[in-house]
Every structure is written in structure tokens, then in C-alpha cells.
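J.: Structure provided below as C-alpha cells; questions to follow.
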Amino acid sequence: MKIVHVASEMFPYVKTGGLADAVGALAGVLADRGHEVSVFLPGYRAVLDHKDAAAAGRRLPLKIEMGDMFVSGDVRAFSPRKNLTIYLVCREEYFDRRGLYGNGERDFEDNHHRYIFFVKGVVETLRLLGLQADVVHAHDWQAALLPVMLRYAERRHGATLALQTVFTIHNIAFQGIFPMGSFPRTNLPMDLLGIDGLEYYGQVSMMKGGILFADRVTTVSPRYAKEIQTPEFGCGLEGVVATRLEDLSGLLNGIDPAVWNPSTDALLPAQYGADNLAGKATCRGELIRQHKLKKDLNGPIFGMVCRLAEQKGIDLLLANADFFAANMCRLVVLGSGEKRFEKALADLVAAAPGLVSLSTRLDEGMSHLIEAGADFFIMPSLFEPCGLNQMYSQAYGTVPLVSRVGGLADTVIDADENPANGTGLVFPPTAEGLRNGLERALKLYRDPTRLATVRRNGMTRDFSWSGAAKAYETLYQDAL
Ligand code: ADP
Ligand code: GLC
């Protein structure tokens, strides 16, 4: 099949979170399975500077209609492996910035202009290159207007650009909402602005467009597919999701074994596998050294790697701040995001030096070292569409502590409820829930035989993308 993915992030080119890992791995595995895969990304500086992009060929100039003006840009393409072509939709003014979506304090005010330009650039490139796709697969709010734009562009040009469209919701909490006054920039018909169209509480929601207009809608775990039908998790779009139930499915992400595999991971000081954990001990030692943690303690090391956002349950962790010093446990946090969380965690470090450590940068190597060197990995998310680190943790023999929501509940088996097959500890998404998880983790740590079983169960599970990729192939074929 000819499959076109459209997303704002893709590992290894540009990443702020799991979207990048999911798109990078899915595109790669579909290419390996013989499909002709293209991925469209905005031409961010990080991608243009990547060594693979140096091979990008001739630029295709673009003139994009945005309301009553034309905005220029260009498209560059390179092919990092067989069957895979990356197209970069470029315009310096929009994409050559330090952050992707904001400056760390606030979102950029022109995000809607940037991503309207991006999706229009995709449509225009498909048209100019005559790239008729079997499936155009758009990911998250940044690409959500694409299914809408494609349908209108096809009508206008009398040409088929995509036989089918798929829209994947990686996180319904981010919708790409913008003021109605900017709607004319889309050049879509004004009658789309009604409540049955893209209108969302007096504004415009890009995500709503993706959900309404794609032929198929997916999200990234079966449980999240159910959760987004409820007011608690649907972020105001539960009613819209309800109109698409026949075309909605929840397909779990996998993990990319070329990137996340402890027996081959070149970012670690030592490699290891389920039958020989000596390398894991080396990684633990290196984690202690790099984070200047106290060495002579018997307790476990807890790790956490995430965006510092409310979603990730940072408040629940802070509510349990006393746990670590009281039990002489160490905690290593890698994450950046909201300043209030960075500040509160920095206070925690100051109050417990040698026990708690915080790094507020994006550091791929460090994220691997934490996954490998910690004993437990904490993910007390309030909601989690899929979540990847709990899967990485299991593969790395690091027992995940997760709240019972979304993809976390779908991928972690509680070791107390299911001693034979358990791979982690699962609790309600509350401060007391996390406390209970931390206390159960201490008990597990003091029982080496049981700990070894839980680790092995996690390490021998198959989370690879091949299963997930087959599920997407079936979905594409059904849609066609
Ligand atoms: P989300 O996409 O909601 O942020 P996921 O669990 O799906 O959550 O994916 C998060 C990804 O981002 C993981 O690969 C994780 O290791 C990575 N990550 C998050 N914060 C950092 C950081 N500060 N440095 C390196 N990697 C990070
Ligand atoms: C989103 C979600 C996360 C998911 C990722 C990849 O960022 O927050 O749960 O794992 O997308 O699908």
C-alpha cells in the first residue's frame, strides 16, 4: 500500500514526547513490511540539521493560500531507508524556532497559522507530485485538519489525493483550539463553523475536524478508546467521539526494539538480558554516580521520566514527598515542563540531597540510563492514552508503578493481584493510590525471589511494534 503519515514529531528527527516514538516506529515497521511509506513533518530546525536531511534534494516551491493572501514555503525530501521518504514542509518564519509549540512559558500565538500552513502544504505537495495515497494517516491536533482539507481539496480539484483517511488521537487533551476570527485562513466553507462542524464552545477545534472527517478514527489503547467517550476523559469532545463509535478503535502502541532493547542499547554503559542482569547492576551504579546519589543504602531507586505536566500526576508524587526520606529511598526525575513543578521538585531535591535528583533537560541517553538503572519506574498519570515508559520499563527489568488509567492499565499486570504473571504495581490515580503503590514496591523489593519473577515476567513480554503494525494494516485494508 501507499501510506502517507502526517505528524508534527518523529523519532529520531524531532521529539517532545511519545508521539515521536510512535510515528517513527510505525512508519519504520510499515516500510520494512514492504509498504511505500511517506511521512510529512514540519521543517523544524532540528530536522533540517539532522544528518539524514543533508541528503534532501531539490526544493519544491509552495505557494499556499491562507485566507486572502498567499504564503510561500517549500518542500524537501529525503529517504533514510528503503520504502521510506520523509517530506519536510518548510517555512522559516513558522518552524525555525527554539521550541516546537511554545517558548516554555506559553504556547506560540500563531500555532493555528503554523499548522494550517503545514496541512495545506501536505495537500498541495500530494497534488503537485501526483502522490495518490491509499491511506493518509494524520496524527494528533497538528495534523487534524488534514482529513477536512483533503476532502475539500479533492472536490475543488476534481482529483483523488487519498482513497482513505485515518486520524489517530494520541492525546485528546491537546486539541489545537483557535479563535473563530482566524477560520477564514483555512479557506474552508464558513458553514463548517457550526456546532456539527468544527465549532467548539465559541472557538474552533482542529481535533474535532479530524474526528468528524476521517474515514477511521483510532486512539492508542483500547481502554483510552472507551475513556474518551466519557466526560471525565473526553475533554468536551466525548459527544463528538460518540458519533464515530462504529469507526473508532483503540490500537496499542508498541516499542521499537531497535531503540529500546537492553541487550543492544548502545546508550547504556553495559547491556543485559533477562538471563543475565549483571549489566543492569552496572547501569544502576552509573545512575548513582551521575546523579550523586547516596551509595551505601539498602533501599530501592525509583525513576521517573516525563513531561512535567498535570497529566503525569506530578501533584500525586509531590503529595508523597515525605516517603523517600522516611524510607531512605532514592528518586531520580528527568523531566521538563511547567515551572511550578520544576520548582517544587527542586525544593524536594534541596530537602533530601543525595536521595532525590532532578534533571530538567531533554536527554535521550539519560532516559535510557534511568530505565535501565532504576529498580522501579513511577507513572502516576491522571490519564494516559497509551504511555511508553511503562513498556520500556518492563523490557528493561524495572518494575513500573502505574495508575489504573488508559494504556497503563492495558499494559501492566498487577503483581499482587496476579502473582504468577504480574509485571508491575497498579493503583488508583490518587495520592493515596500512589502511596499504596510505593509501600507495596518496598515490600516487593525486600522479597528478592518475588522481585526476580516480576522482572522476568516483564522482560519476556512482547511489546514489539510488529503486532501493532499488523493491526494498522488490517485497519487500512478494511477501510479500503
Ligand atoms: P507523552 O507522549 O504523553 O509525553 P509517553 O510515555 O508516550 O508520554 O512518551 C514519552 C516519551 O518521551 C518517552 O520516550 C520518554 O522517555 C520521553 N521523555 C519525556 N521526557 C523526557 C526528557 N526530559 N528527556 C528525554 N526523554 C524524555
Ligand atoms: C501521547 C500520550 C501518550 C502516548 C503517546 C504516543 O503523547 O500522552 O500516552 O503514549 O501520545 O501515542
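Each chain in the C-alpha cells gets a letter, A, B and so on, in the order shown; residues start at 1 in every chain, and ligands are counted from 1 in the order they appear.
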Name the residues, by chain letter and number, that sit within 8 Å of ligand 1 using only C-alpha atoms and all ligand atoms, and give them as JSON, numbers by chain.

T.: {"A": [15, 16, 17, 18, 19, 20, 21, 22, 170, 171, 305, 306, 307, 308, 311, 312, 334, 335, 336, 359, 360, 361, 362, 363, 364, 365, 366, 367, 368, 384, 385, 386, 387, 388, 389, 390]}

J.: Extract the full set of helix (DSSP H, G or I) residues from segment 98-345 of chain A according to DSSP on the backbone, and format it as an NGL selection string.

T.: :A and (111-129 or 141-143 or 146-157 or 180-186 or 190-193 or 206-213 or 222-227 or 238-242 or 245-247 or 278-290 or 310-312 or 314-319 or 322-326 or 339-345)

J.: Find the residues around segment 178-188 of chain A up to 7 Å (only C-alpha atoms counted), leave out those fewer than 2 positions away in its own chain, and share them as a ChimeraX atom specification.

T.: /A:66-67,112,116,176,190,203-205

J.: Emit the selected residues as a PDB file, in the first residue's frame, including N, CA and C atoms.

T.:
```pdb
ATOM      1  N   MET A  66      -3.780  31.279   2.150  1.00  0.00           N
ATOM      2  CA  MET A  66      -4.196  31.369   3.564  1.00  0.00           C
ATOM      3  C   MET A  66      -5.113  32.575   3.653  1.00  0.00           C
ATOM      4  N   GLY A  67      -6.418  32.338   3.613  1.00  0.00           N
ATOM      5  CA  GLY A  67      -7.356  33.447   3.572  1.00  0.00           C
ATOM      6  C   GLY A  67      -7.206  34.174   2.250  1.00  0.00           C
ATOM      7  N   HIS A 112      -2.033  28.208  15.222  1.00  0.00           N
ATOM      8  CA  HIS A 112      -3.038  27.797  14.224  1.00  0.00           C
ATOM      9  C   HIS A 112      -2.577  28.153  12.810  1.00  0.00           C
ATOM     10  N   ILE A 116      -2.103  25.213  10.103  1.00  0.00           N
ATOM     11  CA  ILE A 116      -2.961  25.323   8.903  1.00  0.00           C
ATOM     12  C   ILE A 116      -2.036  25.311   7.682  1.00  0.00           C
ATOM     13  N   GLY A 176      -5.697  21.898  19.615  1.00  0.00           N
ATOM     14  CA  GLY A 176      -5.464  22.917  18.590  1.00  0.00           C
ATOM     15  C   GLY A 176      -6.675  23.830  18.472  1.00  0.00           C
ATOM     16  N   MET A 190     -17.562  28.470   5.212  1.00  0.00           N
ATOM     17  CA  MET A 190     -17.956  29.011   6.508  1.00  0.00           C
ATOM     18  C   MET A 190     -19.028  28.159   7.185  1.00  0.00           C
ATOM     19  N   GLN A 203     -15.164  28.612  19.796  1.00  0.00           N
ATOM     20  CA  GLN A 203     -13.876  28.675  19.097  1.00  0.00           C
ATOM     21  C   GLN A 203     -13.834  27.568  18.040  1.00  0.00           C
ATOM     22  N   VAL A 204     -12.652  27.311  17.505  1.00  0.00           N
ATOM     23  CA  VAL A 204     -12.534  26.251  16.505  1.00  0.00           C
ATOM     24  C   VAL A 204     -11.586  25.183  17.049  1.00  0.00           C
ATOM     25  N   SER A 205     -11.960  23.916  16.915  1.00  0.00           N
ATOM     26  CA  SER A 205     -11.096  22.826  17.387  1.00  0.00           C
ATOM     27  C   SER A 205     -10.615  22.014  16.191  1.00  0.00           C
TER      28      SER A 205
END
```

J.: Give me the residues near Lys280 of chain A as a PyMOL selection string, where near means some atom within 10 Å (using only C-alpha atoms) and where sequence neighbours in that chain fewer than 5 positions away do not count.

T.: chain A and resi 262+268-274+285-286+369+371-375+396-398

J.: Among segment 234-336 of chain A, which ones does DSSP place in strand (DSSP E), written as a list of chain:residue names?

T.: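 Selection result, strand (DSSP E) within segment 234-336 of chain A: A:Leu248, A:Ser249, A:Gly250, A:Ile301, A:Phe302, A:Gly303, A:Met304, A:Val305, A:Arg330, A:Leu331, A:Val332, A:Val333, A:Leu334.
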
J.: Export C-alpha atoms of the chosen residues as a compact mmCIF listing (two decimals), in the first residue's frame?

T.:
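The result, written out as again17.txt:
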```
# COMPACT_ATOMS: atom_id res chain seq x y z
CA LEU A 248 -13.35 4.06 16.30
CA SER A 249 -10.74 1.62 17.54
CA GLY A 250 -8.04 1.54 20.20
CA ILE A 301 15.94 3.53 43.44
CA PHE A 302 12.80 4.94 41.86
CA GLY A 303 12.97 6.58 38.42
CA MET A 304 10.66 8.92 36.57
CA VAL A 305 11.00 10.37 33.04
CA ARG A 330 16.32 7.33 46.19
CA LEU A 331 14.39 9.03 43.42
CA VAL A 332 15.74 10.24 40.06
CA VAL A 333 13.50 12.51 37.99
CA LEU A 334 14.20 13.56 34.39
```

J.: Find, counting only C-alpha atoms and all ligand atoms, the residue in A:Met1, A:Ala173, A:Leu62, A:Ala133 that gets nearest to ligand 2.

T.: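 Between A:Met1, A:Ala173, A:Leu62, A:Ala133, the residue approaching ligand 2 most closely is A:Ala173.
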
J.: Skipping near chain neighbours, those fewer than 6 positions away, what residues fall within 12 Å of segment 92-98 of chain A using only C-alpha atoms, listed as a ChimeraX atom specification?

T.: /A:8,14,41-49,71-75,104,108-118

J.: If you measure from atom CA of Gly433 of chain A to atom CA of Ser381 of chain A, what distance in Å do you get, rounded to one decimal?

T.: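 Atom CA of Gly433 of chain A sits 11.3 Å away from atom CA of Ser381 of chain A.
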
J.: Select, from A:Asn103, A:Thr165, A:Ser393, A:Gln290, the residue with the minimum atom-to-atom distance to Ala479 of chain A, counting only C-alpha atoms.

T.: A:Thr165

J.: So what do you get for atom CA of Ala54 of chain A versus atom CA of Lys2 of chain A, distance-wise?

T.: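 Between atom CA of Ala54 of chain A and atom CA of Lys2 of chain A the gap works out to 25.0 Å.
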
J.: Could you tell me which of A:Asp256, A:Asp140, A:Asp191, A:Asp196 comes closest to ligand 2 if we count only C-alpha atoms and all ligand atoms?

T.: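 Closest to ligand 2, using only C-alpha atoms and all ligand atoms: A:Asp140.
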
J.: What does the distance between atom CA of Thr125 of chain A and atom CA of Ala214 of chain A come to in Å, to one decimal place?

T.: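 Straight-line distance from atom CA of Thr125 of chain A to atom CA of Ala214 of chain A works out to 19.4 Å.
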
J.: Tell me which of A:Lys226, A:His5, A:Arg91, A:Arg156 sits closest to Ala138 of chain A, counting only C-alpha atoms.

T.: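 Comparing A:Lys226, A:His5, A:Arg91, A:Arg156 against Ala138 of chain A, the winner is A:His5.
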
J.: Between A:Glu124, A:Val6, A:Lys51, A:Ile195, single out the one closest to Lys63 of chain A, counting only C-alpha atoms.

T.: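 Under the stated criterion, the closest residue is A:Glu124.
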